[in-house]
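Colleague: Next comes the structure file protein20.pdb, holding PDB, C-alpha atoms.
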```
ATOM      1  CA  MET A   1     -86.141  51.849  26.511
ATOM      2  CA  VAL A   2     -82.893  50.349  25.183
ATOM      3  CA  SER A   3     -81.549  49.354  28.581
ATOM      4  CA  THR A   4     -84.837  47.669  29.571
ATOM      5  CA  ARG A   5     -84.828  45.516  26.443
ATOM      6  CA  ASN A   6     -81.222  44.447  26.999
ATOM      7  CA  ARG A   7     -81.960  43.427  30.552
ATOM      8  CA  GLY A   8     -84.878  41.276  29.413
ATOM      9  CA  ARG A   9     -82.771  39.602  26.741
ATOM     10  CA  GLY A  10     -79.969  38.749  29.254
ATOM     11  CA  ARG A  11     -82.407  37.098  31.652
ATOM     12  CA  SER A  12     -83.872  34.893  28.913
ATOM     13  CA  ASP A  13     -80.377  33.617  27.917
ATOM     14  CA  LYS A  14     -79.606  32.632  31.501
ATOM     15  CA  ASP A  15     -82.871  30.752  31.823
ATOM     16  CA  GLU A  16     -82.239  28.780  28.616
ATOM     17  CA  GLY A  17     -78.761  27.718  29.813
ATOM     18  CA  LYS A  18     -80.123  26.576  33.131
ATOM     19  CA  VAL A  19     -82.798  24.446  31.458
ATOM     20  CA  ALA A  20     -80.209  22.801  29.136
ATOM     21  CA  GLY A  21     -77.944  21.982  32.108
ATOM     22  CA  ASP A  22     -80.816  20.357  33.984
ATOM     23  CA  GLU A  23     -81.687  18.201  30.984
ATOM     24  CA  GLU A  24     -78.036  17.002  30.616
ATOM     25  CA  CYS A  25     -77.868  16.032  34.287
ATOM     26  CA  GLU A  26     -81.072  14.031  33.983
ATOM     27  CA  TYR A  27     -79.659  12.173  30.917
ATOM     28  CA  GLU A  28     -76.408  11.245  32.697
ATOM     29  CA  GLU A  29     -78.309  10.006  35.733
ATOM     30  CA  SER A  30     -80.616   7.869  33.612
ATOM     31  CA  ARG A  31     -77.645   6.480  31.646
ATOM     32  CA  ALA A  32     -75.753   5.524  34.784
ATOM     33  CA  GLN A  33     -78.887   3.851  36.099
ATOM     34  CA  ARG A  34     -79.289   1.768  32.917
ATOM     35  CA  ILE A  35     -75.613   0.657  33.064
ATOM     36  CA  LYS A  36     -76.026  -0.443  36.632
ATOM     37  CA  GLU A  37     -79.174  -2.399  35.795
ATOM     38  CA  ASN A  38     -77.455  -4.126  32.855
ATOM     39  CA  GLU A  39     -74.491  -5.192  35.002
ATOM     40  CA  GLU A  40     -76.807  -6.684  37.639
ATOM     41  CA  ARG A  41     -78.713  -8.529  34.903
ATOM     42  CA  MET A  42     -75.441  -9.966  33.473
ATOM     43  CA  ARG A  43     -74.330 -11.131  36.900
ATOM     44  CA  SER A  44     -77.640 -12.860  37.489
ATOM     45  CA  LEU A  45     -77.293 -14.689  34.167
ATOM     46  CA  GLY A  46     -73.574 -15.499  34.723
ATOM     47  CA  ILE A  47     -72.515 -13.666  31.626
ATOM     48  CA  PHE A  48     -70.315 -11.119  33.432
ATOM     49  CA  ASP A  49     -67.896 -13.779  34.809
ATOM     50  CA  LEU A  50     -67.961 -15.732  31.540
ATOM     51  CA  SER A  51     -66.422 -12.801  29.615
ATOM     52  CA  HIS A  52     -63.385 -12.884  31.869
ATOM     53  CA  LYS A  53     -62.928 -16.627  31.356
ATOM     54  CA  LEU A  54     -63.039 -16.304  27.567
ATOM     55  CA  LYS A  55     -60.040 -13.945  27.425
ATOM     56  CA  PRO A  56     -56.964 -15.721  25.874
ATOM     57  CA  LYS A  57     -54.175 -16.617  28.273
ATOM     58  CA  PRO A  58     -50.684 -15.216  27.609
ATOM     59  CA  LYS A  59     -48.434 -17.630  25.723
ATOM     60  CA  PRO A  60     -45.369 -18.910  27.577
ATOM     61  CA  SER A  61     -41.958 -17.755  26.330
ATOM     62  CA  SER A  62     -40.032 -19.934  23.903
ATOM     63  CA  SER A  63     -37.224 -20.388  26.400
ATOM     64  CA  SER A  64     -39.551 -22.139  28.845
ATOM     65  CA  LEU A  65     -40.706 -24.565  26.124
ATOM     66  CA  ARG A  66     -37.197 -25.840  25.446
ATOM     67  CA  LYS A  67     -36.687 -29.342  26.634
ATOM     68  CA  THR A  68     -33.331 -30.388  27.951
ATOM     69  CA  ASN A  69     -32.432 -33.981  27.295
ATOM     70  CA  PRO A  70     -31.138 -35.711  30.375
ATOM     71  CA  PRO A  71     -27.545 -36.948  30.067
ATOM     72  CA  THR A  72     -27.377 -40.551  29.001
ATOM     73  CA  ALA A  73     -24.990 -42.941  30.637
ATOM     74  CA  PRO A  74     -22.325 -44.452  28.368
ATOM     75  CA  SER A  75     -23.299 -47.790  26.944
ATOM     76  CA  THR A  76     -21.493 -50.844  28.281
ATOM     77  CA  ASP A  77     -22.322 -52.898  25.182
ATOM     78  CA  PRO A  78     -19.418 -53.742  22.849
ATOM     79  CA  PRO A  79     -19.274 -51.654  19.666
ATOM     80  CA  ARG A  80     -21.061 -53.107  16.675
ATOM     81  CA  ARG A  81     -18.732 -54.301  13.948
ATOM     82  CA  SER A  82     -19.539 -55.559  10.505
ATOM     83  CA  THR A  83     -18.054 -58.916   9.620
ATOM     84  CA  ARG A  84     -17.577 -57.636   6.089
ATOM     85  CA  LEU A  85     -15.344 -54.768   7.318
ATOM     86  CA  LYS A  86     -13.547 -56.830   9.948
ATOM     87  CA  ASP A  87     -10.354 -57.389   7.965
ATOM     88  CA  ILE A  88     -10.247 -53.919   6.370
ATOM     89  CA  PRO A  89      -7.881 -51.445   8.075
ATOM     90  CA  PRO A  90      -9.612 -48.517   9.771
ATOM     91  CA  VAL A  91      -9.989 -45.310   7.821
ATOM     92  CA  SER A  92      -8.005 -42.321   9.069
ATOM     93  CA  TYR A  93      -9.597 -38.939   8.463
ATOM     94  CA  SER A  94      -6.631 -36.914   9.680
ATOM     95  CA  GLU A  95      -5.209 -34.549   7.098
ATOM     96  CA  LYS A  96      -1.771 -35.384   5.824
ATOM     97  CA  LYS A  97       0.542 -32.471   5.377
ATOM     98  CA  ILE A  98       2.103 -32.567   1.960
ATOM     99  CA  PRO A  99       5.618 -31.149   2.062
ATOM    100  CA  LYS A 100       5.911 -28.086  -0.098
ATOM    101  CA  LYS A 101       8.286 -28.352  -2.966
ATOM    102  CA  GLU A 102      11.081 -25.891  -2.868
ATOM    103  CA  SER A 103      10.112 -23.210  -5.295
ATOM    104  CA  SER A 104      12.658 -22.740  -7.968
ATOM    105  CA  ALA A 105      14.410 -19.397  -7.998
ATOM    106  CA  LYS A 106      12.568 -16.880 -10.082
ATOM    107  CA  LYS A 107      14.328 -15.939 -13.239
ATOM    108  CA  VAL A 108      15.400 -12.335 -12.995
ATOM    109  CA  GLU A 109      15.220 -10.461 -16.259
ATOM    110  CA  ILE A 110      16.615  -6.978 -16.714
ATOM    111  CA  HIS A 111      15.657  -5.265 -19.930
ATOM    112  CA  ILE A 112      17.225  -1.932 -20.787
ATOM    113  CA  PRO A 113      16.149  -0.536 -24.172
ATOM    114  CA  GLU A 114      18.881  -0.014 -26.733
ATOM    115  CA  GLY A 115      19.896   3.596 -27.188
ATOM    116  CA  GLU A 116      21.360   5.458 -30.120
ATOM    117  CA  ASN A 117      24.894   4.318 -29.225
ATOM    118  CA  PRO A 118      26.047   0.844 -28.129
ATOM    119  CA  GLU A 119      26.851   0.707 -24.428
ATOM    120  CA  ILE A 120      30.286  -0.899 -24.086
ATOM    121  CA  TYR A 121      32.711  -0.479 -21.181
ATOM    122  CA  THR A 122      36.411  -1.243 -20.810
ATOM    123  CA  ASP A 123      38.792  -2.210 -18.049
ATOM    124  CA  GLU A 124      39.417   1.462 -17.418
ATOM    125  CA  HIS A 125      35.779   1.938 -16.466
ATOM    126  CA  GLU A 126      35.989  -1.009 -14.084
ATOM    127  CA  LYS A 127      38.897   0.661 -12.289
ATOM    128  CA  LEU A 128      36.691   3.712 -11.715
ATOM    129  CA  LEU A 129      34.071   1.744  -9.783
ATOM    130  CA  GLY A 130      33.828   2.643  -6.138
ATOM    131  CA  ASP A 131      33.501   0.460  -3.057
ATOM    132  CA  SER A 132      32.550   0.716   0.605
ATOM    133  CA  ASN A 133      33.939  -0.798   3.776
ATOM    134  CA  SER A 134      30.626  -0.633   5.649
ATOM    135  CA  VAL A 135      27.003  -1.239   4.687
ATOM    136  CA  TRP A 136      24.755   1.778   4.241
ATOM    137  CA  ASP A 137      21.279   1.445   5.787
ATOM    138  CA  LEU A 138      18.706   2.397   3.169
ATOM    139  CA  CYS A 139      15.635   4.544   3.884
ATOM    140  CA  VAL A 140      16.996   5.817   7.213
ATOM    141  CA  ASP A 141      19.083   8.937   6.613
ATOM    142  CA  GLY A 142      16.819  11.869   5.709
ATOM    143  CA  TYR A 143      13.612  10.071   6.747
ATOM    144  CA  ASP A 144      11.160  10.908   9.543
ATOM    145  CA  GLU A 145       9.852   8.627  12.299
ATOM    146  CA  ASP A 146       7.095   7.304  10.017
ATOM    147  CA  GLY A 147       9.589   6.234   7.366
ATOM    148  CA  GLN A 148       8.690   9.083   5.017
ATOM    149  CA  ARG A 149      11.444  10.903   3.192
ATOM    150  CA  ILE A 150      11.864  14.532   4.240
ATOM    151  CA  TYR A 151      11.744  16.931   1.281
ATOM    152  CA  ASP A 152      12.882  20.470   2.056
ATOM    153  CA  PRO A 153      13.223  22.972  -0.815
ATOM    154  CA  ILE A 154      15.041  25.433   1.459
ATOM    155  CA  GLU A 155      17.290  23.489   3.836
ATOM    156  CA  GLY A 156      17.564  20.377   1.663
ATOM    157  CA  LYS A 157      20.357  19.586  -0.791
ATOM    158  CA  SER A 158      19.750  18.449  -4.347
ATOM    159  CA  CYS A 159      20.921  14.978  -5.361
ATOM    160  CA  HIS A 160      22.480  14.575  -8.822
ATOM    161  CA  GLN A 161      20.881  11.123  -9.218
ATOM    162  CA  CYS A 162      17.280  11.516  -7.982
ATOM    163  CA  ARG A 163      17.182  15.341  -8.343
ATOM    164  CA  GLN A 164      15.335  15.766  -5.058
ATOM    165  CA  LYS A 165      16.089  18.326  -2.363
ATOM    166  CA  THR A 166      16.186  16.271   0.800
ATOM    167  CA  LEU A 167      17.768  16.370   4.226
ATOM    168  CA  GLY A 168      20.530  14.004   5.252
ATOM    169  CA  HIS A 169      24.089  13.332   4.113
ATOM    170  CA  HIS A 170      25.202  14.404   0.631
ATOM    171  CA  THR A 171      28.589  14.057  -1.033
ATOM    172  CA  GLN A 172      30.910  16.853  -2.133
ATOM    173  CA  CYS A 173      33.129  16.284  -5.136
ATOM    174  CA  SER A 174      36.758  17.396  -4.829
ATOM    175  CA  LYS A 175      36.974  17.943  -8.587
ATOM    176  CA  CYS A 176      33.843  19.789  -9.719
ATOM    177  CA  LYS A 177      32.961  21.207  -6.281
ATOM    178  CA  ILE A 178      29.481  22.081  -7.481
ATOM    179  CA  VAL A 179      25.925  20.860  -7.006
ATOM    180  CA  ALA A 180      26.442  18.260  -9.742
ATOM    181  CA  GLY A 181      28.775  16.389  -7.392
ATOM    182  CA  GLN A 182      26.144  15.978  -4.677
ATOM    183  CA  PHE A 183      24.682  12.482  -4.232
ATOM    184  CA  CYS A 184      22.404  11.452  -1.379
ATOM    185  CA  GLY A 185      23.364   8.404   0.690
ATOM    186  CA  ASP A 186      20.741   6.036  -0.756
ATOM    187  CA  CYS A 187      21.459   6.865  -4.404
ATOM    188  CA  LEU A 188      25.241   6.657  -3.939
ATOM    189  CA  TYR A 189      24.973   3.212  -2.352
ATOM    190  CA  MET A 190      22.346   1.676  -4.627
ATOM    191  CA  ARG A 191      23.623   3.064  -7.906
ATOM    192  CA  TYR A 192      27.402   2.994  -7.274
ATOM    193  CA  GLY A 193      28.026   0.816  -4.195
ATOM    194  CA  GLU A 194      29.679   3.593  -2.162
ATOM    195  CA  ASN A 195      29.069   4.882   1.367
ATOM    196  CA  VAL A 196      28.364   8.605   1.610
ATOM    197  CA  ILE A 197      30.058   8.933   5.015
ATOM    198  CA  GLU A 198      33.239   7.288   3.747
ATOM    199  CA  ALA A 199      33.146   9.510   0.667
ATOM    200  CA  ASN A 200      32.883  12.665   2.776
ATOM    201  CA  GLU A 201      35.820  11.511   4.913
ATOM    202  CA  ASN A 202      37.969  11.223   1.781
ATOM    203  CA  PRO A 203      39.185  14.712   0.738
ATOM    204  CA  ASN A 204      40.111  13.399  -2.730
ATOM    205  CA  TRP A 205      36.774  11.759  -3.494
ATOM    206  CA  ILE A 206      35.502  12.332  -7.055
ATOM    207  CA  CYS A 207      31.836  11.994  -7.955
ATOM    208  CA  PRO A 208      30.604   9.398 -10.513
ATOM    209  CA  ALA A 209      29.734  12.167 -12.971
ATOM    210  CA  CYS A 210      33.337  13.411 -13.039
ATOM    211  CA  ARG A 211      34.577   9.823 -13.311
ATOM    212  CA  GLY A 212      32.411   9.293 -16.389
ATOM    213  CA  ILE A 213      30.393   6.392 -14.946
ATOM    214  CA  CYS A 214      27.250   8.244 -13.905
ATOM    215  CA  ASN A 215      24.130   6.221 -14.724
ATOM    216  CA  CYS A 216      21.443   8.803 -13.967
ATOM    217  CA  SER A 217      18.824   9.190 -16.677
ATOM    218  CA  ARG A 218      20.094  12.561 -17.911
ATOM    219  CA  CYS A 219      23.753  11.537 -18.204
ATOM    220  CA  ARG A 220      22.793   8.301 -19.951
ATOM    221  CA  ARG A 221      20.674  10.167 -22.503
ATOM    222  CA  ASP A 222      23.567  12.544 -23.155
ATOM    223  CA  LYS A 223      25.718   9.507 -23.959
ATOM    224  CA  GLY A 224      23.095   8.015 -26.253
ATOM    225  CA  PHE A 225      21.922   5.354 -23.736
ATOM    226  CA  GLU A 226      18.427   4.731 -22.470
ATOM    227  CA  PRO A 227      17.633   5.080 -18.717
ATOM    228  CA  THR A 228      17.957   1.893 -16.710
ATOM    229  CA  GLY A 229      14.838   2.315 -14.598
ATOM    230  CA  ALA A 230      14.523   0.957 -11.050
ATOM    231  CA  ILE A 231      16.698  -2.167 -11.290
ATOM    232  CA  TYR A 232      18.611  -2.057  -7.988
ATOM    233  CA  ARG A 233      16.784  -4.979  -6.367
ATOM    234  CA  LYS A 234      17.214  -7.079  -9.492
ATOM    235  CA  VAL A 235      20.944  -6.496  -9.823
ATOM    236  CA  VAL A 236      21.447  -7.253  -6.133
ATOM    237  CA  SER A 237      19.557 -10.542  -6.532
ATOM    238  CA  LEU A 238      21.968 -11.384  -9.351
ATOM    239  CA  GLY A 239      24.946 -10.812  -7.054
ATOM    240  CA  PHE A 240      26.057  -7.346  -8.150
ATOM    241  CA  LYS A 241      26.929  -4.671  -5.613
ATOM    242  CA  SER A 242      25.220  -1.805  -7.419
ATOM    243  CA  VAL A 243      23.706  -0.733 -10.713
ATOM    244  CA  ALA A 244      27.044   0.662 -11.902
ATOM    245  CA  HIS A 245      28.777  -2.661 -11.189
ATOM    246  CA  TYR A 246      26.085  -4.514 -13.145
ATOM    247  CA  LEU A 247      26.299  -2.212 -16.163
ATOM    248  CA  ILE A 248      30.084  -2.198 -16.432
ATOM    249  CA  TYR A 249      30.620  -5.911 -15.763
ATOM    250  CA  THR A 250      27.887  -7.115 -18.120
ATOM    251  CA  ARG A 251      28.591  -4.648 -20.950
ATOM    252  CA  ARG A 252      32.314  -5.216 -20.762
ATOM    253  CA  ALA A 253      31.783  -8.977 -21.125
ATOM    254  CA  GLN A 254      30.067  -8.636 -24.487
ATOM    255  CA  GLY A 255      33.409  -8.939 -26.264
ATOM    256  CA  ILE A 256      35.300  -6.944 -28.824
ATOM    257  CA  MET A 257      33.453  -8.428 -31.789
ATOM    258  CA  GLU A 258      30.618  -5.931 -31.375
ATOM    259  CA  VAL A 259      33.151  -3.158 -31.037
ATOM    260  CA  ALA A 260      34.889  -4.133 -34.256
ATOM    261  CA  ALA A 261      31.579  -4.410 -36.092
ATOM    262  CA  ALA A 262      30.615  -0.916 -35.000
ATOM    263  CA  VAL A 263      33.674   0.657 -36.696
ATOM    264  CA  GLU A 264      34.233  -2.016 -39.370
ATOM    265  CA  LYS A 265      37.816  -2.675 -38.272
ATOM    266  CA  PRO A 266      39.487  -6.104 -38.361
ATOM    267  CA  ILE A 267      40.765  -7.663 -35.176
ATOM    268  CA  SER A 268      43.878  -9.718 -34.582
ATOM    269  CA  SER A 269      43.954 -13.458 -34.060
ATOM    270  CA  ASN A 270      44.077 -13.129 -30.279
ATOM    271  CA  GLY A 271      40.826 -11.130 -30.299
ATOM    272  CA  SER A 272      42.284  -7.721 -29.481
ATOM    273  CA  LEU A 273      42.841  -4.573 -31.498
ATOM    274  CA  SER A 274      46.489  -3.904 -32.188
ATOM    275  CA  LEU A 275      46.895  -0.229 -33.070
ATOM    276  CA  ASP A 276      46.457   2.740 -30.742
ATOM    277  CA  ASP A 277      44.680   4.777 -33.391
ATOM    278  CA  GLU A 278      42.164   1.986 -33.844
ATOM    279  CA  ASN A 279      41.482   2.023 -30.113
ATOM    280  CA  GLN A 280      40.899   5.735 -30.331
ATOM    281  CA  GLU A 281      38.450   5.293 -33.204
ATOM    282  CA  LEU A 282      36.636   2.563 -31.287
ATOM    283  CA  SER A 283      36.298   4.795 -28.271
ATOM    284  CA  ASP A 284      34.949   7.629 -30.403
ATOM    285  CA  ALA A 285      32.503   5.400 -32.273
ATOM    286  CA  LEU A 286      31.142   3.811 -29.110
ATOM    287  CA  SER A 287      30.869   7.128 -27.286
ATOM    288  CA  ILE A 288      32.610   5.698 -24.246
ATOM    289  CA  PRO A 289      32.457   8.402 -21.585
ATOM    290  CA  PRO A 290      35.834  10.105 -21.148
ATOM    291  CA  LEU A 291      37.693   9.269 -17.990
ATOM    292  CA  ASP A 292      37.941  12.903 -16.977
ATOM    293  CA  GLY A 293      34.131  13.055 -17.395
ATOM    294  CA  LYS A 294      32.644  16.469 -18.083
ATOM    295  CA  LYS A 295      29.240  17.224 -16.709
ATOM    296  CA  ASN A 296      26.605  17.350 -19.460
ATOM    297  CA  ASN A 297      23.451  18.380 -17.683
ATOM    298  CA  ALA A 298      22.585  21.723 -16.104
ATOM    299  CA  GLU A 299      23.354  22.201 -12.449
ATOM    300  CA  ASP A 300      19.938  23.497 -11.525
ATOM    301  CA  ASP A 301      17.972  20.676 -13.200
ATOM    302  CA  MET A 302      15.644  19.210 -10.563
ATOM    303  CA  GLU A 303      13.386  17.204 -12.859
ATOM    304  CA  LEU A 304      12.452  13.801 -11.491
ATOM    305  CA  HIS A 305      12.912  11.097 -14.136
ATOM    306  CA  SER A 306      11.496   7.616 -14.293
ATOM    307  CA  ASP A 307      14.514   5.915 -12.769
ATOM    308  CA  GLY A 308      14.158   7.905  -9.575
ATOM    309  CA  GLY A 309      17.733   7.065  -8.663
ATOM    310  CA  ILE A 310      16.752   3.678  -7.333
TER     311      ILE A 310
END
```
How does this structure look as structure tokens?
Modeller:
Amino acid sequence: MVSTRNRGRGRSDKDEGKVAGDEECEYEESRAQRIKENEERMRSLGIFDLSHKLKPKPKPSSSSLRKTNPPTAPSTDPPRRSTRLKDIPPVSYSEKKIPKKESSAKKVEIHIPEGENPEIYTDEHEKLLGDSNSVWDLCVDGYDEDGQRIYDPIEGKSCHQCRQKTLGHHTQCSKCKIVAGQFCGDCLYMRYGENVIEANENPNWICPACRGICNCSRCRRDKGFEPTGAIYRKVVSLGFKSVAHYLIYTRRAQGIMEVAAAVEKPISSNGSLSLDDENQELSDALSIPPLDGKKNNAEDDMELHSDGGI
């Protein structure tokens, strides 16, 4: 009984699908027929072709609308001139180059703060200044191809002035024979006017610290002076060979009046102190560095100060 009912139900579903498919085919056929009849009616009335004519035409490109003016032939007529401007000279619109005035030399000012002790030098200090027979090229020795200084904490040598361990030439003092006597080439030339190669060729060369004319920040503080800062370019523009030459020449030229005022000692009529003991007191009061120059700072001090040795 169950199988017979299922068979009857399956046949009825197939019949319903067939009827629906026939109805859809009849609708499509009738629709296509109506479209065809409408098109023929529009052609007979001329409406079908009119719809194509009413479509807007594409606009031409802007480049095609540009009009090129034909070249005009030069006029043969004489130029028009105003009788009112006839006697006036023509106007020139060319720019006149105004010669630049030679700029006056800039005033170079070097200001070193006053320290605890007055900074006065004597002729003996001038005799301790060094010199060089050849010019030392700055920023070359101990620098790489890009112009950067090579710092090497292992292979480098420490400079007494800038306190940096760098590669390149360094001096060796015949007196102290320690690290304190090492100066790099740039610092030795800029601060003391000496060539490191010439110094190394001299077996009797003595470093500025042992000579008592060292102007690094630490030695100057030990003497009661303030650091000079980076004044090399300024002293060179003033005509001095190095920072040491500037300090000794300018401080020595201040005269003995300041020296006498510092120790409250009278001076002779010719402007000089007469007694040897007075000279000794002056030297002690002014804290002039001794000529045999003992090293004041520690050998292993690598602190970089503001003067930077330059």
Colleague: When the PyMOL selection byres ((chain A and resi 137-150) around 7) is applied to the structure above, which residues does it catch, written out as a ChimeraX atom specification?
Modeller: /A:135-136,151-152,166-168,186
Colleague: What would the selection look like, as a PyMOL selection string, if the PyMOL selection byres ((chain A and resi 180) around 6) were run on the coordinates I just shared?
Modeller: chain A and resi 160+178-179+181-182+299
Colleague: Do you have the CA of Gly224 (chain A)-CA of Pro113 (chain A) distance handy?
Modeller: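 Calculated distance between CA of Gly224 (chain A) and CA of Pro113 (chain A) is 11.2 Å.
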Colleague: Which of these residues is nearest to Cys187 (chain A), using only C-alpha atoms: A:Glu95, A:Gly115, A:Ala244, A:Arg211?
Modeller: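 Selected residue with least distance to Cys187 (chain A): A:Ala244.
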Colleague: If we count all atoms listed in the file, what is near Ser158 (chain A) at a cut-off of 9 Å, once residues fewer than 4 positions away on the same chain are taken out, given as a PDB file with C-alpha atoms, in the frame of the given file?
Modeller:
```
ATOM      1  CA  PRO A 153      13.223  22.972  -0.815  1.00  0.00           C
ATOM      2  CA  CYS A 162      17.280  11.516  -7.982  1.00  0.00           C
ATOM      3  CA  ARG A 163      17.182  15.341  -8.343  1.00  0.00           C
ATOM      4  CA  GLN A 164      15.335  15.766  -5.058  1.00  0.00           C
ATOM      5  CA  LYS A 165      16.089  18.326  -2.363  1.00  0.00           C
ATOM      6  CA  THR A 166      16.186  16.271   0.800  1.00  0.00           C
ATOM      7  CA  HIS A 170      25.202  14.404   0.631  1.00  0.00           C
ATOM      8  CA  VAL A 179      25.925  20.860  -7.006  1.00  0.00           C
ATOM      9  CA  ALA A 180      26.442  18.260  -9.742  1.00  0.00           C
ATOM     10  CA  GLN A 182      26.144  15.978  -4.677  1.00  0.00           C
ATOM     11  CA  PHE A 183      24.682  12.482  -4.232  1.00  0.00           C
ATOM     12  CA  CYS A 184      22.404  11.452  -1.379  1.00  0.00           C
ATOM     13  CA  ASP A 300      19.938  23.497 -11.525  1.00  0.00           C
ATOM     14  CA  MET A 302      15.644  19.210 -10.563  1.00  0.00           C
TER      15      MET A 302
END
```
Colleague: Selected by the PyMOL selection byres ((chain A and resi 189) around 12) in the shown coordinates: which residues, as an MDAnalysis selection string?
Modeller: chainID A and resid 129:139 161 170:171 183:188 190:199 208 232 236 241:245 309:310
Colleague: Pick out the closest residue to Leu128 (chain A) from this set: A:Leu247, A:Val235, A:Ile213, A:Ala230. Count all atoms listed in the file.
Modeller: A:Ile213
Colleague: At what distance in Å, to one decimal, does CA of Ser44 (chain A) lie from CA of Glu26 (chain A)?
Modeller: 27.3 Å
Colleague: Mind giving me the straight-line distance from CA of Ile120 (chain A) to CA of Leu238 (chain A) in Å, one decimal?
Modeller: 19.9 Å
